[in-house]
$ cat start.txt   # compact mmCIF, C-alpha atoms
# COMPACT_ATOMS: atom_id res chain seq x y z
CA MET A 3 46.47 -35.31 14.06
CA ALA A 4 47.33 -35.30 10.40
CA ARG A 5 44.89 -33.47 8.17
CA LYS A 6 43.08 -35.42 5.52
CA PRO A 7 43.93 -34.42 1.97
CA LEU A 8 41.34 -32.14 0.38
CA LYS A 9 38.92 -33.86 -1.93
CA ARG A 10 39.45 -32.88 -5.53
CA VAL A 11 36.38 -31.00 -6.75
CA ALA A 12 35.11 -31.95 -10.18
CA MET A 13 34.92 -29.24 -12.81
CA THR A 14 31.12 -29.52 -12.89
CA GLU A 15 30.98 -28.87 -9.14
CA THR A 16 33.09 -25.72 -9.40
CA LEU A 17 30.59 -24.33 -11.89
CA ALA A 18 27.63 -25.01 -9.60
CA LYS A 19 26.02 -22.12 -7.76
CA PRO A 20 23.12 -21.60 -5.38
CA ALA A 21 19.81 -21.98 -7.19
CA PRO A 22 16.84 -19.86 -6.12
CA LYS A 23 13.41 -21.38 -5.90
CA ASP A 24 11.77 -21.57 -9.31
CA TRP A 25 8.91 -19.28 -8.33
CA ILE A 26 11.26 -16.38 -7.53
CA PHE A 27 11.82 -15.85 -11.24
CA GLY A 28 8.12 -15.08 -11.60
CA ILE A 29 8.42 -12.00 -9.37
CA SER A 30 8.59 -8.58 -10.97
CA PRO A 31 10.45 -6.42 -8.45
CA TYR A 32 8.47 -3.55 -6.92
CA VAL A 33 9.31 -0.33 -8.75
CA PRO A 34 8.94 2.78 -6.55
CA GLY A 35 7.65 6.06 -7.89
CA LYS A 36 10.19 8.27 -9.61
CA SER A 37 11.79 11.22 -7.84
CA ALA A 38 14.05 12.22 -10.74
CA THR A 39 13.98 12.23 -14.53
CA ASP A 40 15.93 9.68 -16.56
CA ASP A 41 18.75 12.20 -16.87
CA GLY A 42 18.87 12.75 -13.11
CA ARG A 43 16.98 16.02 -12.72
CA PRO A 44 15.13 16.11 -9.35
CA LEU A 45 11.35 16.19 -9.46
CA ILE A 46 8.58 17.11 -7.05
CA LYS A 47 7.18 13.72 -6.07
CA LEU A 48 3.52 13.23 -6.83
CA SER A 49 4.20 9.56 -7.50
CA ALA A 50 4.23 7.91 -4.06
CA ASN A 51 1.09 9.25 -2.31
CA GLU A 52 3.01 10.96 0.48
CA ASN A 53 1.47 13.79 2.50
CA PRO A 54 2.30 17.01 0.58
CA LEU A 55 2.01 18.99 3.81
CA GLY A 56 4.81 16.94 5.33
CA THR A 57 4.89 15.80 8.95
CA GLY A 58 3.10 17.40 11.88
CA ALA A 59 5.16 19.44 14.35
CA ALA A 60 4.40 17.09 17.26
CA ALA A 61 5.64 14.04 15.36
CA ARG A 62 8.78 15.84 14.17
CA ALA A 63 9.63 16.98 17.70
CA ALA A 64 9.05 13.51 19.13
CA LEU A 65 11.27 11.92 16.51
CA VAL A 66 14.13 14.35 17.11
CA ALA A 67 13.92 13.91 20.89
CA ALA A 68 14.00 10.12 20.55
CA THR A 69 17.30 10.17 18.63
CA ALA A 70 19.24 11.06 21.80
CA ASP A 71 19.96 7.35 22.35
CA LEU A 72 21.09 5.62 19.16
CA ALA A 73 23.06 2.80 20.78
CA THR A 74 20.14 0.95 22.34
CA TYR A 75 17.73 -1.36 20.54
CA PRO A 76 14.13 -0.14 20.36
CA ASP A 77 11.41 -1.62 22.54
CA PRO A 78 10.90 -5.00 20.83
CA GLY A 79 7.25 -5.06 21.82
CA ALA A 80 6.48 -1.47 20.73
CA THR A 81 4.43 -1.35 23.93
CA LYS A 82 3.66 2.37 24.08
CA LEU A 83 2.91 2.49 20.36
CA ARG A 84 0.44 -0.39 20.62
CA GLU A 85 -1.20 1.26 23.61
CA ALA A 86 -1.54 4.55 21.71
CA ILE A 87 -3.08 2.85 18.69
CA GLY A 88 -5.41 0.87 20.92
CA ALA A 89 -6.56 4.00 22.75
CA VAL A 90 -7.32 5.93 19.55
CA HIS A 91 -9.17 3.08 17.83
CA GLY A 92 -10.65 1.26 20.82
CA LEU A 93 -8.61 -1.89 20.20
CA ASP A 94 -6.93 -4.43 22.46
CA PRO A 95 -3.19 -3.53 22.35
CA ALA A 96 -2.29 -7.20 22.78
CA ARG A 97 -3.87 -7.91 19.39
CA ILE A 98 -1.94 -5.17 17.56
CA ILE A 99 1.16 -6.03 15.54
CA TYR A 100 3.64 -3.55 14.09
CA GLY A 101 5.89 -3.71 11.07
CA THR A 102 8.33 -2.02 8.75
CA GLY A 103 5.50 -0.30 6.97
CA SER A 104 2.33 -2.25 6.34
CA ASP A 105 4.27 -3.95 3.52
CA GLU A 106 6.08 -6.19 6.01
CA LEU A 107 2.75 -7.23 7.49
CA LEU A 108 1.31 -8.08 4.08
CA HIS A 109 4.35 -10.24 3.35
CA ILE A 110 4.27 -12.12 6.64
CA ALA A 111 0.53 -12.74 6.28
CA ALA A 112 1.21 -14.55 3.00
CA SER A 113 4.24 -16.31 4.50
CA ALA A 114 2.28 -17.61 7.47
CA TYR A 115 -0.80 -18.84 5.65
CA ALA A 116 0.17 -19.70 2.06
CA GLY A 117 2.84 -21.64 0.22
CA PRO A 118 3.44 -23.94 -2.76
CA GLY A 119 0.16 -25.41 -3.98
CA ASP A 120 -1.92 -22.66 -2.35
CA GLU A 121 -3.63 -19.69 -3.98
CA VAL A 122 -3.60 -16.02 -2.97
CA LEU A 123 -6.52 -14.03 -4.35
CA TYR A 124 -6.85 -10.33 -5.05
CA VAL A 125 -8.68 -8.01 -7.42
CA ARG A 126 -7.33 -6.79 -10.73
CA TYR A 127 -5.60 -3.41 -10.32
CA GLY A 128 -4.84 -4.28 -6.70
CA PHE A 129 -1.72 -3.18 -4.81
CA ALA A 130 1.44 -4.47 -6.53
CA VAL A 131 2.82 -5.98 -3.30
CA TYR A 132 0.09 -8.66 -3.24
CA ASP A 133 1.52 -10.40 -6.30
CA ILE A 134 5.05 -10.23 -4.88
CA ALA A 135 3.94 -11.51 -1.46
CA ALA A 136 2.19 -14.49 -3.04
CA ARG A 137 5.01 -15.47 -5.38
CA ARG A 138 7.67 -14.95 -2.70
CA VAL A 139 6.30 -17.92 -0.76
CA GLY A 140 5.65 -20.09 -3.81
CA ALA A 141 1.88 -19.59 -3.78
CA THR A 142 -0.12 -19.01 -6.96
CA PRO A 143 -1.54 -15.50 -7.41
CA VAL A 144 -5.13 -15.45 -8.65
CA ILE A 145 -6.62 -12.23 -10.01
CA ALA A 146 -10.38 -11.61 -9.98
CA PRO A 147 -11.91 -9.29 -12.59
CA ASP A 148 -12.75 -5.74 -11.53
CA LYS A 149 -15.93 -3.75 -12.06
CA ASP A 150 -15.01 -0.49 -13.81
CA TYR A 151 -11.70 -0.31 -11.89
CA ALA A 152 -13.44 -1.10 -8.58
CA THR A 153 -13.70 -4.29 -6.51
CA ASP A 154 -16.26 -6.81 -7.73
CA VAL A 155 -17.21 -8.89 -4.68
CA ASP A 156 -19.07 -11.46 -6.75
CA ALA A 157 -16.03 -11.94 -9.00
CA LEU A 158 -13.78 -12.41 -5.95
CA LEU A 159 -16.09 -15.00 -4.42
CA ALA A 160 -16.40 -16.81 -7.75
CA ALA A 161 -12.60 -17.07 -7.92
CA VAL A 162 -12.28 -18.81 -4.55
CA THR A 163 -11.25 -22.48 -4.79
CA GLU A 164 -10.30 -25.17 -2.30
CA LYS A 165 -6.71 -23.94 -2.72
CA THR A 166 -7.44 -20.33 -1.69
CA LYS A 167 -5.67 -19.50 1.57
CA VAL A 168 -5.37 -15.69 1.58
CA VAL A 169 -7.52 -12.91 0.09
CA PHE A 170 -5.98 -9.43 -0.14
CA LEU A 171 -8.16 -6.36 -0.58
CA ALA A 172 -7.06 -2.73 -0.36
CA ASN A 173 -9.89 -0.42 0.71
CA PRO A 174 -9.73 2.29 -0.49
CA ASN A 175 -7.83 0.67 -3.33
CA ASN A 176 -4.39 1.51 -4.69
CA PRO A 177 -3.80 2.38 -7.56
CA THR A 178 -7.44 3.08 -8.51
CA GLY A 179 -8.64 5.00 -5.45
CA THR A 180 -12.00 3.22 -5.46
CA MET A 181 -13.93 2.34 -2.30
CA THR A 182 -15.85 -0.81 -1.34
CA SER A 183 -18.78 -0.20 0.99
CA ARG A 184 -19.20 -1.60 4.50
CA GLU A 185 -22.04 -3.80 3.25
CA GLU A 186 -19.94 -5.26 0.45
CA ILE A 187 -16.98 -5.91 2.77
CA ALA A 188 -19.30 -7.77 5.14
CA ARG A 189 -20.77 -9.75 2.25
CA LEU A 190 -17.31 -10.69 0.99
CA HIS A 191 -16.21 -11.85 4.41
CA ALA A 192 -19.42 -13.84 4.91
CA GLY A 193 -18.79 -15.62 1.62
CA LEU A 194 -15.27 -16.74 2.50
CA ARG A 195 -14.50 -20.01 4.24
CA PRO A 196 -13.34 -19.52 7.85
CA ASP A 197 -9.95 -21.08 6.98
CA ILE A 198 -9.19 -18.29 4.47
CA LEU A 199 -7.31 -15.28 5.89
CA PHE A 200 -9.02 -12.08 4.73
CA VAL A 201 -6.40 -9.30 4.71
CA LEU A 202 -8.02 -5.86 4.55
CA ASP A 203 -5.38 -3.28 3.63
CA GLN A 204 -6.55 0.12 4.93
CA ALA A 205 -3.50 2.22 4.09
CA TYR A 206 -5.72 5.15 3.07
CA ALA A 207 -8.48 4.76 5.70
CA GLU A 208 -7.60 8.03 7.46
CA TYR A 209 -8.65 9.96 4.34
CA LEU A 210 -12.24 8.73 4.73
CA ASP A 211 -15.04 10.57 6.49
CA ALA A 212 -16.36 8.80 9.60
CA ASP A 213 -19.51 7.58 7.82
CA GLU A 214 -17.41 5.95 5.09
CA ASP A 215 -15.66 3.45 7.40
CA ASP A 216 -15.83 -0.04 5.91
CA GLY A 217 -16.20 -1.82 9.24
CA GLY A 218 -12.97 -3.77 8.89
CA LEU A 219 -11.72 -3.20 12.43
CA GLU A 220 -15.13 -4.20 13.80
CA LEU A 221 -14.94 -7.44 11.82
CA ALA A 222 -11.42 -8.10 13.10
CA ARG A 223 -12.60 -7.74 16.70
CA THR A 224 -14.83 -10.79 16.44
CA ALA A 225 -13.86 -12.77 13.32
CA SER A 226 -11.02 -15.27 13.58
CA ASN A 227 -9.89 -14.84 9.97
CA VAL A 228 -9.73 -11.05 9.42
CA PHE A 229 -6.44 -9.13 9.48
CA VAL A 230 -6.61 -5.35 9.03
CA THR A 231 -3.44 -3.43 8.17
CA ARG A 232 -2.73 0.30 8.33
CA THR A 233 0.26 2.60 7.88
CA PHE A 234 1.80 5.80 9.19
CA SER A 235 3.29 6.52 5.75
CA LYS A 236 0.33 8.40 4.26
CA ILE A 237 -1.76 10.95 6.15
CA TYR A 238 0.61 10.93 9.15
CA GLY A 239 3.58 11.97 7.00
CA LEU A 240 6.00 9.36 8.36
CA ALA A 241 6.89 7.48 5.17
CA ALA A 242 10.62 7.84 5.87
CA GLU A 243 10.27 5.92 9.15
CA ARG A 244 8.41 2.91 7.63
CA ILE A 245 5.84 2.13 10.32
CA GLY A 246 2.77 -0.03 9.83
CA TRP A 247 0.38 -1.81 12.15
CA GLY A 248 -2.27 -4.47 11.99
CA TYR A 249 -5.13 -5.95 14.03
CA ALA A 250 -6.52 -9.48 14.12
CA SER A 251 -7.52 -12.29 16.46
CA ALA A 252 -5.06 -13.25 19.18
CA GLU A 253 -4.34 -16.50 17.32
CA VAL A 254 -3.45 -14.76 14.05
CA ILE A 255 -1.33 -12.15 15.81
CA ASP A 256 0.56 -14.87 17.67
CA ILE A 257 1.42 -16.60 14.40
CA LEU A 258 2.51 -13.37 12.71
CA HIS A 259 4.75 -12.37 15.62
CA ARG A 260 6.65 -15.62 15.14
CA ILE A 261 7.92 -14.55 11.72
CA ARG A 262 8.08 -10.75 11.83
CA ALA A 263 11.54 -9.20 12.00
CA PRO A 264 12.77 -8.43 15.53
CA PHE A 265 13.24 -4.77 16.52
CA ASN A 266 11.44 -3.86 13.29
CA VAL A 267 10.24 -0.38 14.32
CA THR A 268 12.88 2.10 15.41
CA THR A 269 12.83 3.99 18.70
CA ALA A 270 12.42 7.32 16.91
CA GLY A 271 9.79 5.86 14.64
CA GLN A 272 7.76 4.59 17.58
CA ALA A 273 7.94 7.98 19.30
CA ALA A 274 6.96 9.86 16.14
CA ALA A 275 4.06 7.51 15.45
CA ILE A 276 2.71 7.92 18.98
CA ALA A 277 2.78 11.69 18.61
CA ALA A 278 1.27 11.53 15.11
CA ILE A 279 -1.68 9.32 15.98
CA ASN A 280 -2.56 11.65 18.87
CA ASP A 281 -2.27 14.80 16.75
CA SER A 282 -5.88 14.84 15.58
CA ALA A 283 -5.63 18.45 14.43
CA TRP A 284 -2.87 17.60 11.95
CA VAL A 285 -4.77 14.59 10.65
CA GLU A 286 -7.93 16.64 10.17
CA SER A 287 -6.13 19.49 8.40
CA SER A 288 -4.42 17.00 6.08
CA ARG A 289 -7.75 15.29 5.34
CA THR A 290 -9.48 18.61 4.68
CA HIS A 291 -6.73 19.82 2.35
CA ASN A 292 -6.75 16.54 0.46
CA ALA A 293 -10.53 16.44 0.02
CA ARG A 294 -10.65 20.01 -1.26
CA TRP A 295 -7.90 19.70 -3.85
CA ARG A 296 -8.82 16.16 -4.88
CA GLU A 297 -12.31 17.37 -5.73
CA TRP A 298 -10.91 20.42 -7.51
CA LEU A 299 -8.47 18.41 -9.63
CA ALA A 300 -11.13 15.81 -10.44
CA GLY A 301 -13.30 18.62 -11.74
CA GLU A 302 -10.49 19.98 -13.90
CA ILE A 303 -9.93 16.52 -15.41
CA ALA A 304 -13.66 16.02 -15.99
CA ALA A 305 -13.63 19.25 -18.00
CA LEU A 306 -11.12 17.58 -20.36
CA SER A 307 -13.36 14.59 -21.13
CA ASN A 308 -13.75 15.76 -24.73
CA HIS A 309 -9.99 15.19 -25.05
CA GLY A 310 -10.28 11.59 -23.83
CA LEU A 311 -9.31 12.14 -20.19
CA ARG A 312 -11.29 10.47 -17.43
CA VAL A 313 -10.78 10.35 -13.68
CA VAL A 314 -11.67 7.30 -11.60
CA PRO A 315 -13.67 8.33 -8.49
CA SER A 316 -11.27 8.33 -5.54
CA LYS A 317 -11.43 8.19 -1.75
CA THR A 318 -7.64 8.40 -1.33
CA ASN A 319 -4.97 11.09 -1.60
CA PHE A 320 -4.47 10.48 -5.33
CA LEU A 321 -6.38 10.31 -8.59
CA LEU A 322 -6.09 7.69 -11.30
CA ILE A 323 -6.46 9.48 -14.62
CA LEU A 324 -7.21 7.44 -17.76
CA PHE A 325 -6.02 8.72 -21.14
CA ASP A 326 -8.09 7.42 -24.05
CA GLY A 327 -7.61 10.25 -26.51
CA LYS A 328 -4.71 11.66 -28.51
CA LEU A 329 -2.76 12.49 -25.36
CA THR A 330 -1.34 9.26 -23.93
CA ALA A 331 -0.54 8.54 -20.30
CA GLU A 332 3.13 8.13 -21.14
CA ALA A 333 3.26 11.46 -22.97
CA ALA A 334 1.45 13.15 -20.08
CA MET A 335 3.96 11.70 -17.60
CA LYS A 336 6.88 13.01 -19.64
CA GLY A 337 5.23 16.39 -20.08
CA LEU A 338 4.80 16.69 -16.34
CA TRP A 339 8.48 15.79 -15.96
CA GLU A 340 9.27 18.90 -17.99
CA GLU A 341 7.14 20.88 -15.56
CA GLY A 342 9.12 19.40 -12.66
CA TYR A 343 6.63 16.78 -11.39
CA ALA A 344 6.93 13.00 -10.96
CA THR A 345 3.73 11.01 -11.39
CA ARG A 346 3.10 7.27 -11.59
CA TRP A 347 2.59 5.65 -15.00
CA LEU A 348 1.19 2.13 -14.57
CA PRO A 349 1.84 -0.18 -17.54
CA GLY A 350 3.30 -2.78 -15.16
CA GLN A 351 -0.06 -3.05 -13.43
CA GLY A 352 -2.05 -3.45 -16.60
CA LEU A 353 -2.86 0.24 -16.91
CA PRO A 354 -0.80 1.59 -19.82
CA ASN A 355 -3.44 4.31 -20.24
CA GLY A 356 -3.36 5.24 -16.55
CA LEU A 357 -1.47 7.92 -14.65
CA ARG A 358 -1.72 8.04 -10.86
CA ILE A 359 -1.19 11.52 -9.45
CA THR A 360 -0.87 12.33 -5.75
CA ILE A 361 -2.82 15.35 -4.53
CA GLY A 362 -0.14 17.93 -3.83
CA THR A 363 -0.13 21.41 -2.37
CA LYS A 364 -2.44 24.05 -3.80
CA ALA A 365 0.29 25.39 -6.08
CA GLN A 366 1.38 21.93 -7.21
CA THR A 367 -2.17 20.78 -7.94
CA ARG A 368 -2.91 23.90 -9.99
CA ALA A 369 0.34 23.52 -11.91
CA VAL A 370 -0.43 19.89 -12.76
CA ALA A 371 -3.93 20.77 -13.94
CA ASN A 372 -2.65 23.61 -16.12
CA LYS A 373 -0.02 21.38 -17.74
CA LEU A 374 -2.49 18.57 -18.40
CA ARG A 375 -4.92 20.99 -19.99
CA ALA A 376 -2.20 22.48 -22.20
CA MET A 377 -1.02 19.05 -23.33
CA ALA A 378 -4.55 17.75 -23.97
CA GLU A 379 -5.48 20.78 -26.05
CA ALA A 380 -2.24 20.60 -28.04
CA ALA A 381 -2.43 16.87 -28.79
$ encode --input "start.txt" --output "structure tokens"
Amino acid sequence: MARKPLKRVAMTETLAKPAPKDWIFGISPYVPGKSATDDGRPLIKLSANENPLGTGAAARAALVAATADLATYPDPGATKLREAIGAVHGLDPARIIYGTGSDELLHIAASAYAGPGDEVLYVRYGFAVYDIAARRVGATPVIAPDKDYATDVDALLAAVTEKTKVVFLANPNNPTGTMTSREEIARLHAGLRPDILFVLDQAYAEYLDADEDDGGLELARTASNVFVTRTFSKIYGLAAERIGWGYASAEVIDILHRIRAPFNVTTAGQAAAIAAINDSAWVESSRTHNARWREWLAGEIAALSNHGLRVVPSKTNFLLILFDGKLTAEAAMKGLWEEGYATRWLPGQGLPNGLRITIGTKAQTRAVANKLRAMAEAA
């Protein structure tokens, strides 16, 4: 059969190109914490809230052992991982979902329940991913005012409209470190319509004492509109493996499974996470170290209040330090670069006077405090 002659393409057609959705242009890409100076010098990372003690021996051994078979896809249902999480937290494994970090779960929650014409609500100084997750699906991000860098439940509830479909709340919060009480979480949930998905991001929950639990998992056991997310990237020291998990009603989990990536948690990652969540001694030692040196560093910063430095009370593995004197947050960041440390300056999140600093080892924390004192006194 003779081929038909090719249609001549008009000049205007040759210049055409794929056009992204309009709302994509409103996204500011996520900028990870620095690990090197602008001229390429490596830095000790106190910018990403990783565990300064590293990874527990049990998790490291499990990960290495699981790399024996690299040619086979991982268990697509992460069955043993879900069972391990369920056993530790008293949860139904069938209602646990897993993701490439909790970030993937935050994104698919917005994808499943919001879109053009809808609103996604979160508090000012909330986690940067919330804005990206909302805009990625064409929803409108709505920001509720804070209360001295902490969550204001009344402001959140006042910002709810008929268009609100998802509410994101990190507790403890990132980048401020502040904590919302169990009573306030319950009050917020009670004030939301049942058709609004309440996403409670508990990435730092393992740093809390038992009596500080916000009750999120208990809410998710019975409420049809609560989705709690957690991560293995922080206290468990598995940031490199990118493993998160979440818990919600069977109906919500079913919907989220439909759009999560297949084979999204590696075989080695699953094995390491199982070992990590069962290594209670490592978790407790990491929590104890963090609490001790967080309190110590907060005290050192408080002693510099006459130089305009202030620390926001934190329940996480970092401190948000505010610079309202002669020493600026940007200058402090660069000064710590000279000392060999990367910290997180936050102008992109509306905090040009804020520096978020991960609690490091004893030596690192003392070095940071000494440098901040020297810079504040010299300013």
$ residues_around --input "start.txt" --residues "stretch 324-337 of chain A" --least-positions-apart "3" --cutoff "12 Å" --atoms "only C-alpha atoms" --output "PDB file with C-alpha atoms, keeping the file's coordinate frame"
ATOM      1  CA  GLY A  35       7.650   6.060  -7.890  1.00  0.00           C
ATOM      2  CA  LYS A  36      10.190   8.270  -9.610  1.00  0.00           C
ATOM      3  CA  ALA A  38      14.050  12.220 -10.740  1.00  0.00           C
ATOM      4  CA  THR A  39      13.980  12.230 -14.530  1.00  0.00           C
ATOM      5  CA  ASP A  40      15.930   9.680 -16.560  1.00  0.00           C
ATOM      6  CA  LEU A  45      11.350  16.190  -9.460  1.00  0.00           C
ATOM      7  CA  LEU A  48       3.520  13.230  -6.830  1.00  0.00           C
ATOM      8  CA  SER A  49       4.200   9.560  -7.500  1.00  0.00           C
ATOM      9  CA  ASP A 150     -15.010  -0.490 -13.810  1.00  0.00           C
ATOM     10  CA  TYR A 151     -11.700  -0.310 -11.890  1.00  0.00           C
ATOM     11  CA  PRO A 177      -3.800   2.380  -7.560  1.00  0.00           C
ATOM     12  CA  THR A 178      -7.440   3.080  -8.510  1.00  0.00           C
ATOM     13  CA  ALA A 300     -11.130  15.810 -10.440  1.00  0.00           C
ATOM     14  CA  ILE A 303      -9.930  16.520 -15.410  1.00  0.00           C
ATOM     15  CA  ALA A 304     -13.660  16.020 -15.990  1.00  0.00           C
ATOM     16  CA  LEU A 306     -11.120  17.580 -20.360  1.00  0.00           C
ATOM     17  CA  SER A 307     -13.360  14.590 -21.130  1.00  0.00           C
ATOM     18  CA  ASN A 308     -13.750  15.760 -24.730  1.00  0.00           C
ATOM     19  CA  HIS A 309      -9.990  15.190 -25.050  1.00  0.00           C
ATOM     20  CA  GLY A 310     -10.280  11.590 -23.830  1.00  0.00           C
ATOM     21  CA  LEU A 311      -9.310  12.140 -20.190  1.00  0.00           C
ATOM     22  CA  ARG A 312     -11.290  10.470 -17.430  1.00  0.00           C
ATOM     23  CA  VAL A 313     -10.780  10.350 -13.680  1.00  0.00           C
ATOM     24  CA  VAL A 314     -11.670   7.300 -11.600  1.00  0.00           C
ATOM     25  CA  PRO A 315     -13.670   8.330  -8.490  1.00  0.00           C
ATOM     26  CA  LEU A 321      -6.380  10.310  -8.590  1.00  0.00           C
ATOM     27  CA  GLU A 340       9.270  18.900 -17.990  1.00  0.00           C
ATOM     28  CA  GLU A 341       7.140  20.880 -15.560  1.00  0.00           C
ATOM     29  CA  GLY A 342       9.120  19.400 -12.660  1.00  0.00           C
ATOM     30  CA  TYR A 343       6.630  16.780 -11.390  1.00  0.00           C
ATOM     31  CA  ALA A 344       6.930  13.000 -10.960  1.00  0.00           C
ATOM     32  CA  THR A 345       3.730  11.010 -11.390  1.00  0.00           C
ATOM     33  CA  ARG A 346       3.100   7.270 -11.590  1.00  0.00           C
ATOM     34  CA  TRP A 347       2.590   5.650 -15.000  1.00  0.00           C
ATOM     35  CA  LEU A 348       1.190   2.130 -14.570  1.00  0.00           C
ATOM     36  CA  PRO A 349       1.840  -0.180 -17.540  1.00  0.00           C
ATOM     37  CA  LEU A 353      -2.860   0.240 -16.910  1.00  0.00           C
ATOM     38  CA  PRO A 354      -0.800   1.590 -19.820  1.00  0.00           C
ATOM     39  CA  ASN A 355      -3.440   4.310 -20.240  1.00  0.00           C
ATOM     40  CA  GLY A 356      -3.360   5.240 -16.550  1.00  0.00           C
ATOM     41  CA  LEU A 357      -1.470   7.920 -14.650  1.00  0.00           C
ATOM     42  CA  ARG A 358      -1.720   8.040 -10.860  1.00  0.00           C
ATOM     43  CA  ILE A 359      -1.190  11.520  -9.450  1.00  0.00           C
ATOM     44  CA  ALA A 369       0.340  23.520 -11.910  1.00  0.00           C
ATOM     45  CA  VAL A 370      -0.430  19.890 -12.760  1.00  0.00           C
ATOM     46  CA  ALA A 371      -3.930  20.770 -13.940  1.00  0.00           C
ATOM     47  CA  ASN A 372      -2.650  23.610 -16.120  1.00  0.00           C
ATOM     48  CA  LYS A 373      -0.020  21.380 -17.740  1.00  0.00           C
ATOM     49  CA  LEU A 374      -2.490  18.570 -18.400  1.00  0.00           C
ATOM     50  CA  ARG A 375      -4.920  20.990 -19.990  1.00  0.00           C
ATOM     51  CA  ALA A 376      -2.200  22.480 -22.200  1.00  0.00           C
ATOM     52  CA  MET A 377      -1.020  19.050 -23.330  1.00  0.00           C
ATOM     53  CA  ALA A 378      -4.550  17.750 -23.970  1.00  0.00           C
ATOM     54  CA  GLU A 379      -5.480  20.780 -26.050  1.00  0.00           C
ATOM     55  CA  ALA A 380      -2.240  20.600 -28.040  1.00  0.00           C
ATOM     56  CA  ALA A 381      -2.430  16.870 -28.790  1.00  0.00           C
TER      57      ALA A 381
END
$ residues_around --input "start.txt" --residues "A:Tyr100" --least-positions-apart "2" --cutoff "9 Å" --atoms "all atoms listed in the file" --output "number ranges by chain"
A: 79-80, 83-84, 98, 102-104, 106-107, 245-248, 262, 266-267
$ write_last_selection --input "start.txt" --atoms "C-alpha atoms" --output "CSV table (one decimal), keeping the file's coordinate frame"
chain,number,residue,atom,x,y,z
A,79,GLY,CA,7.2,-5.1,21.8
A,80,ALA,CA,6.5,-1.5,20.7
A,83,LEU,CA,2.9,2.5,20.4
A,84,ARG,CA,0.4,-0.4,20.6
A,98,ILE,CA,-1.9,-5.2,17.6
A,102,THR,CA,8.3,-2.0,8.8
A,103,GLY,CA,5.5,-0.3,7.0
A,104,SER,CA,2.3,-2.2,6.3
A,106,GLU,CA,6.1,-6.2,6.0
A,107,LEU,CA,2.8,-7.2,7.5
A,245,ILE,CA,5.8,2.1,10.3
A,246,GLY,CA,2.8,0.0,9.8
A,247,TRP,CA,0.4,-1.8,12.2
A,248,GLY,CA,-2.3,-4.5,12.0
A,262,ARG,CA,8.1,-10.8,11.8
A,266,ASN,CA,11.4,-3.9,13.3
A,267,VAL,CA,10.2,-0.4,14.3
$ closest_residue --input "start.txt" --among "A:Glu297, A:Asp133, A:Asp24, A:Glu186" --to "A:Gly350" --atoms "all atoms listed in the file"
A:Asp133
$ atom_distance --input "start.txt" --atom1 "atom CA of A:Asn292" --atom2 "atom CA of A:Asp216"
19.7 Å
$ closest_residue --input "start.txt" --among "A:Ala252, A:Ala275, A:Ala263, A:Ala64" --to "A:Pro95" --atoms "only C-alpha atoms"
A:Ala252
$ atom_distance --input "start.txt" --atom1 "atom CA of A:Arg62" --atom2 "atom CA of A:Glu208"
19.3 Å
$ closest_residue --input "start.txt" --among "A:Asp71, A:Leu108, A:Tyr127, A:Pro118" --to "A:Val169" --atoms "only C-alpha atoms"
A:Leu108
